[in-house]
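Printed here is model.cif (mmCIF, C-alpha atoms):
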```cif
data_entry
#
loop_
_atom_site.label_atom_id
_atom_site.label_comp_id
_atom_site.auth_asym_id
_atom_site.auth_seq_id
_atom_site.Cartn_x
_atom_site.Cartn_y
_atom_site.Cartn_z
CA MET A 1 0.00 0.00 0.00
CA PRO A 2 1.42 3.42 -0.93
CA PRO A 3 1.42 6.48 1.31
CA LEU A 4 -2.26 7.31 1.84
CA LEU A 5 -2.04 11.04 2.43
CA THR A 6 0.58 13.68 1.68
CA GLN A 7 0.60 17.34 2.67
CA VAL A 8 3.07 20.20 2.47
CA ALA A 9 2.69 23.16 4.85
CA ARG A 10 4.53 26.19 6.18
CA VAL A 11 6.29 25.53 9.46
CA SER A 12 5.62 29.05 10.77
CA ASP A 13 1.81 28.73 10.89
CA GLY A 14 0.91 25.29 9.50
CA LEU A 15 -0.77 26.77 6.40
CA PRO A 16 -1.32 23.85 3.96
CA LEU A 17 0.18 24.53 0.54
CA VAL A 18 -0.11 21.16 -1.22
CA ALA A 19 -2.29 18.16 -0.38
CA THR A 20 -3.06 14.88 -2.06
CA GLN A 21 -4.57 11.51 -1.19
CA THR A 22 -4.19 8.07 -2.69
CA PRO A 23 -6.52 8.10 -5.73
CA SER A 24 -8.20 4.82 -4.84
CA PRO A 25 -11.47 4.05 -3.01
CA ALA A 26 -9.80 0.95 -1.58
CA TYR A 27 -7.67 3.18 0.67
CA PRO A 28 -9.96 5.89 2.01
CA VAL A 29 -8.75 8.67 4.31
CA SER A 30 -11.25 9.52 7.02
CA SER A 31 -12.16 13.02 8.14
CA LYS A 32 -10.69 12.12 11.55
CA GLN A 33 -7.34 11.36 9.95
CA GLN A 34 -7.46 14.57 7.94
CA LYS A 35 -8.10 16.51 11.14
CA GLU A 36 -5.19 14.75 12.86
CA ALA A 37 -2.90 15.73 9.99
CA LYS A 38 -4.08 19.35 10.24
CA ASP A 39 -3.51 19.37 14.02
CA ILE A 40 0.04 18.05 13.59
CA LEU A 41 0.86 20.78 11.08
CA ARG A 42 -0.65 23.51 13.25
CA LYS A 43 1.38 22.48 16.29
CA LEU A 44 4.68 22.69 14.45
CA THR A 45 7.22 25.28 15.56
CA HIS A 46 10.83 25.99 14.60
CA GLY A 47 11.89 24.14 17.74
CA THR A 48 10.19 20.84 16.90
CA PRO A 49 12.29 17.86 15.72
CA ASN A 50 13.17 17.76 12.02
CA LYS A 51 11.74 14.25 11.72
CA MET A 52 9.06 12.42 13.68
CA SER A 53 6.59 9.53 13.48
CA ILE A 54 3.23 9.58 15.29
CA VAL A 55 1.13 6.44 15.67
CA SER A 56 -2.66 6.80 15.46
CA ASP A 57 -4.65 3.55 15.65
CA ASP A 58 -3.65 1.47 12.61
CA ARG A 59 -2.00 4.41 10.85
CA VAL A 60 1.28 6.27 11.29
CA PHE A 61 1.94 9.93 10.48
CA TYR A 62 5.46 10.79 9.39
CA TYR A 63 6.78 14.27 8.86
CA MET A 64 10.05 16.00 8.09
CA THR A 65 10.93 19.69 7.78
CA ARG A 66 13.17 21.36 5.24
CA ASP A 67 13.59 25.00 4.19
CA ASN A 68 10.84 26.10 6.63
CA LEU A 69 8.40 23.67 5.04
CA CYS A 70 6.86 20.56 6.55
CA PHE A 71 6.30 17.43 4.45
CA LEU A 72 3.80 15.03 6.03
CA THR A 73 2.47 11.64 5.02
CA MET A 74 0.28 8.91 6.50
CA THR A 75 0.77 5.18 5.99
CA GLU A 76 -0.29 1.84 7.43
CA THR A 77 1.59 0.75 10.54
CA ARG A 78 3.28 -2.08 8.59
CA TYR A 79 4.72 0.34 6.06
CA PRO A 80 8.54 0.51 6.52
CA LYS A 81 9.62 3.57 8.46
CA ARG A 82 12.77 4.09 6.42
CA LEU A 83 10.73 3.94 3.24
CA ALA A 84 8.25 6.50 4.55
CA PHE A 85 11.02 9.01 5.28
CA LEU A 86 12.63 8.23 1.93
CA TYR A 87 9.29 9.04 0.28
CA LEU A 88 9.12 12.35 2.16
CA ASP A 89 12.69 13.17 1.20
CA GLU A 90 12.02 12.58 -2.50
CA THR A 91 8.71 14.46 -2.27
CA ALA A 92 10.55 17.42 -0.77
CA ASP A 93 13.00 17.31 -3.68
CA ILE A 94 10.31 17.45 -6.34
CA ILE A 95 8.25 20.14 -4.55
CA LEU A 96 11.29 22.38 -4.10
CA ASN A 97 12.22 21.81 -7.74
CA GLU A 98 8.70 22.86 -8.76
CA PHE A 99 9.00 26.03 -6.66
CA VAL A 100 12.31 26.94 -8.27
CA SER A 101 11.03 26.13 -11.77
CA GLU A 102 7.95 28.32 -11.31
CA PHE A 103 9.32 31.24 -9.28
CA GLY A 104 13.11 31.05 -9.50
CA ASN A 105 14.98 32.59 -6.60
CA ALA A 106 11.78 34.36 -5.48
CA TRP A 107 10.05 31.12 -4.46
CA ARG A 108 10.68 31.68 -0.73
CA SER A 109 8.94 35.05 -0.89
CA GLU A 110 5.99 33.45 -2.71
CA VAL A 111 5.67 30.78 -0.03
CA ASP A 112 6.12 33.17 2.91
CA ASN A 113 3.65 35.76 1.64
CA THR A 114 0.83 33.55 0.42
CA ALA A 115 -2.29 33.68 2.58
CA ARG A 116 -4.45 31.27 0.57
CA PRO A 117 -4.53 27.61 1.66
CA PHE A 118 -3.55 25.07 -1.00
CA ARG A 119 -2.12 27.84 -3.17
CA PHE A 120 0.12 25.30 -4.91
CA ILE A 121 -2.41 22.51 -5.32
CA HIS A 122 -1.40 22.30 -9.00
CA TYR A 123 1.66 20.35 -7.82
CA ASP A 124 -0.69 17.52 -6.84
CA PRO A 125 -0.03 15.41 -10.00
CA VAL A 126 3.73 15.24 -9.40
CA VAL A 127 3.12 14.15 -5.81
CA GLN A 128 0.70 11.45 -6.94
CA ARG A 129 3.28 10.14 -9.40
CA LYS A 130 5.75 9.91 -6.55
CA GLN A 131 3.15 8.05 -4.44
CA ARG A 132 2.73 5.45 -7.18
CA GLU A 133 6.48 4.88 -7.23
CA PHE A 134 6.25 3.80 -3.59
CA GLN A 135 3.26 1.52 -4.11
CA ASP A 136 4.71 -1.59 -5.76
CA GLU A 137 6.53 -3.89 -3.32
CA ARG A 138 9.33 -4.64 -5.78
CA GLN A 139 9.90 -0.93 -6.27
CA GLN A 140 9.83 -0.46 -2.50
CA LYS A 141 12.54 -3.08 -2.00
CA SER A 142 14.56 -1.60 -4.85
CA LYS A 143 14.38 1.87 -3.32
CA LEU A 144 15.34 0.56 0.11
CA ASN A 145 18.28 -1.33 -1.38
CA ASP A 146 19.36 1.78 -3.28
CA ASP A 147 19.07 3.83 -0.11
CA LEU A 148 21.13 1.31 1.88
CA ALA A 149 23.70 1.13 -0.91
CA GLU A 150 24.00 4.91 -0.87
CA ILE A 151 24.48 4.87 2.91
CA GLN A 152 27.18 2.19 2.55
CA ASN A 153 28.94 4.23 -0.12
CA ILE A 154 28.87 7.30 2.11
CA MET A 155 30.25 5.27 5.03
CA LYS A 156 33.02 3.84 2.84
CA LYS A 157 33.90 7.31 1.62
CA ASN A 158 34.01 8.62 5.18
CA ILE A 159 36.25 5.74 6.26
CA ASN A 160 38.57 6.35 3.29
CA ASP A 161 38.67 10.05 4.13
CA ILE A 162 39.59 9.21 7.73
CA LEU A 163 42.33 6.84 6.56
CA ASP A 164 43.63 9.49 4.16
CA ARG A 165 43.65 12.03 6.95
CA GLY A 166 45.56 9.53 9.10
CA GLU A 167 48.22 9.15 6.40
CA LYS A 168 48.41 12.92 6.02
CA LEU A 169 48.82 13.27 9.78
CA ASP A 170 51.67 10.76 9.67
CA ASN A 171 53.27 12.77 6.87
CA VAL A 172 52.84 15.96 8.86
CA GLN A 173 54.45 14.31 11.89
CA ASN A 174 57.42 13.16 9.80
CA ILE A 175 57.81 16.61 8.29
CA SER A 176 57.66 18.23 11.74
CA GLN A 177 60.38 15.87 13.00
CA ASP A 178 62.58 16.74 10.01
CA LEU A 179 62.00 20.42 10.64
CA LEU A 180 63.01 19.98 14.27
CA LYS A 181 66.25 18.30 13.20
CA GLN A 182 66.90 21.01 10.65
CA SER A 183 66.11 23.72 13.18
CA SER A 184 68.67 22.16 15.57
CA GLY A 185 71.23 22.31 12.78
CA PHE A 186 70.29 25.90 12.07
CA LYS A 187 70.78 26.77 15.76
CA TRP A 188 74.24 25.22 15.81
CA GLY A 189 75.16 26.97 12.54
CA ALA A 190 73.93 30.28 13.90
CA ARG A 191 75.98 29.86 17.09
CA LYS A 192 79.06 28.99 15.02
CA LEU A 193 78.64 32.03 12.80
CA THR A 194 78.14 34.27 15.86
CA TRP A 195 81.35 32.92 17.45
CA GLN A 196 83.29 33.45 14.24
CA ALA A 197 81.98 37.01 13.93
CA ARG A 198 83.06 37.79 17.48
CA VAL A 199 86.52 36.30 16.87
CA GLN A 200 86.90 38.44 13.75
CA GLN A 201 85.73 41.48 15.69
CA PHE A 202 87.92 41.14 18.78
CA ALA A 203 90.96 39.21 17.48
CA PRO A 204 92.84 42.31 16.14
CA MET A 205 92.36 44.08 19.48
CA ALA A 206 93.63 41.04 21.39
CA ILE A 207 96.67 40.74 19.12
CA GLY A 208 97.35 44.48 19.54
CA PHE A 209 97.24 44.15 23.31
CA LEU A 210 99.63 41.19 23.18
CA ILE A 211 102.14 43.07 21.00
CA PHE A 212 101.89 46.16 23.21
CA GLY A 213 102.46 44.08 26.30
CA PHE A 214 105.45 42.32 24.72
CA VAL A 215 107.07 45.65 23.77
CA ILE A 216 106.68 47.01 27.30
CA TYR A 217 108.07 43.79 28.72
CA VAL A 218 111.17 44.03 26.53
CA LYS A 219 111.82 47.66 27.45
CA VAL A 220 111.35 47.18 31.15
CA PHE A 221 113.29 43.98 31.49
#
```

Starting from the file, lay out its structure as structure tokens.
Amino acid sequence: MPPLLTQVARVSDGLPLVATQTPSPAYPVSSKQQKEAKDILRKLTHGTPNKMSIVSDDRVFYYMTRDNLCFLTMTETRYPKRLAFLYLDETADIILNEFVSEFGNAWRSEVDNTARPFRFIHYDPVVQRKQREFQDERQQKSKLNDDLAEIQNIMKKNINDILDRGEKLDNVQNISQDLLKQSSGFKWGARKLTWQARVQQFAPMAIGFLIFGFVIYVKVF
């Protein structure tokens, strides 16, 4: 069974912008369930969790927020939780793409300033197409497998990045040790040069004093 109900609303006041139901009499959505969905959207604030699931009898409401919008759906309790959030994530992608296609960079202003409920109800067909993608069990398993594969690829990439950083840290440590050795050599070279400079500076005076002393010694004795 696909997601039975999908709504998109503003987080700031819960104003519904897009809404659709499963186009089949075999999966009706009751007025009670519609009211529950409306109550969930109205109670949203900027401090609420970004994702949540709420069980109601034999149904579960899932919602996620993105870009100050809330994407909500309702499914049967046996519907996989990961799949429900994957559906919301992909629904958010297509809705945001529709906003950008229609309004460009001004889409946020259009959403923030609209006062009419269901102003963007003309996006309903694209949401229904997305619902149908999550209806067939084989497609559901395929999407879950793709999602898990993507997570595994991300984890592998993160592990490789960590290993690369470890190698770079080892290289940095080796370089720092070489620099320490070189700096010790530089210190010794600097001391040697300083000593030589002082010898060159004071050696003539010392030799002069020695000659002067020798002359006096000869005359006196």

Among A:Thr45, A:Thr20, A:Thr75, A:Tyr27, Pro125 of chain A is approached most closely, using all atoms listed in the file, by A:Thr20

Running the PyMOL selection byres ((chain A and resi 98-108) around 12) on this model by hand, what would come out? Give it as a ChimeraX atom specification. /A:10,17-18,67-69,91-97,109-114,119-127

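Residues matched by the PyMOL selection byres ((chain A and resi 76) around 8) in this file are Met1, Pro3, Asp58, Arg59, Val60, Met74, Thr75, Thr77, Arg78 and Tyr79 of chain A.
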
Can you write out the residues you just picked, keeping C-alpha atoms, as a PDB file, in the coordinates of the input?
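Full text of result-v2.pdb as output:
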```pdb
ATOM      1  CA  MET A   1       0.000   0.000   0.000  1.00  0.00           C
ATOM      2  CA  PRO A   3       1.420   6.480   1.310  1.00  0.00           C
ATOM      3  CA  ASP A  58      -3.650   1.470  12.610  1.00  0.00           C
ATOM      4  CA  ARG A  59      -2.000   4.410  10.850  1.00  0.00           C
ATOM      5  CA  VAL A  60       1.280   6.270  11.290  1.00  0.00           C
ATOM      6  CA  MET A  74       0.280   8.910   6.500  1.00  0.00           C
ATOM      7  CA  THR A  75       0.770   5.180   5.990  1.00  0.00           C
ATOM      8  CA  THR A  77       1.590   0.750  10.540  1.00  0.00           C
ATOM      9  CA  ARG A  78       3.280  -2.080   8.590  1.00  0.00           C
ATOM     10  CA  TYR A  79       4.720   0.340   6.060  1.00  0.00           C
TER      11      TYR A  79
END
```

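Note that the spacing between atom CA of Asp39 of chain A and atom CA of Tyr87 of chain A amounts to 21.4 Å.
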
Atom CA of Pro117 of chain A to atom CA of Ala26 of chain A, distance in Å rounded to a single decimal: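 Straight-line distance from atom CA of Pro117 of chain A to atom CA of Ala26 of chain A works out to 27.4 Å.
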
Closest of A:Ile175, A:Met64, A:Leu88, A:Ala115 to Asp13 of chain A, counting all atoms listed in the file, is A:Ala115

- Item | Output check: residues returned by the PyMOL selection byres ((chain A and resi 132) around 10), as a ChimeraX atom specification | /A:1-3,22-23,127-131,133-136,139

Determine the axis-aligned bounding box of all atoms of segment 75-86 of chain A present in the file, pad each side by 8 Å, and express its centre and edge lengths in Å to one decimal place as JSON.
```
{"center_x": 6.2, "center_y": 3.5, "center_z": 6.2, "size_x": 29.1, "size_y": 27.1, "size_z": 24.6}
```

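You will find atom CA of Thr6 of chain A at 11.7 Å from atom CA of Gln33 of chain A.
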
Check your understanding: When distances are computed from only C-alpha atoms, which of A:Thr65, A:Lys81, A:Met52, A:Pro28 shows the smallest separation from Gly14 of chain A?
Key ->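 Of the candidates, the smallest distance to Gly14 of chain A is held by A:Thr65.
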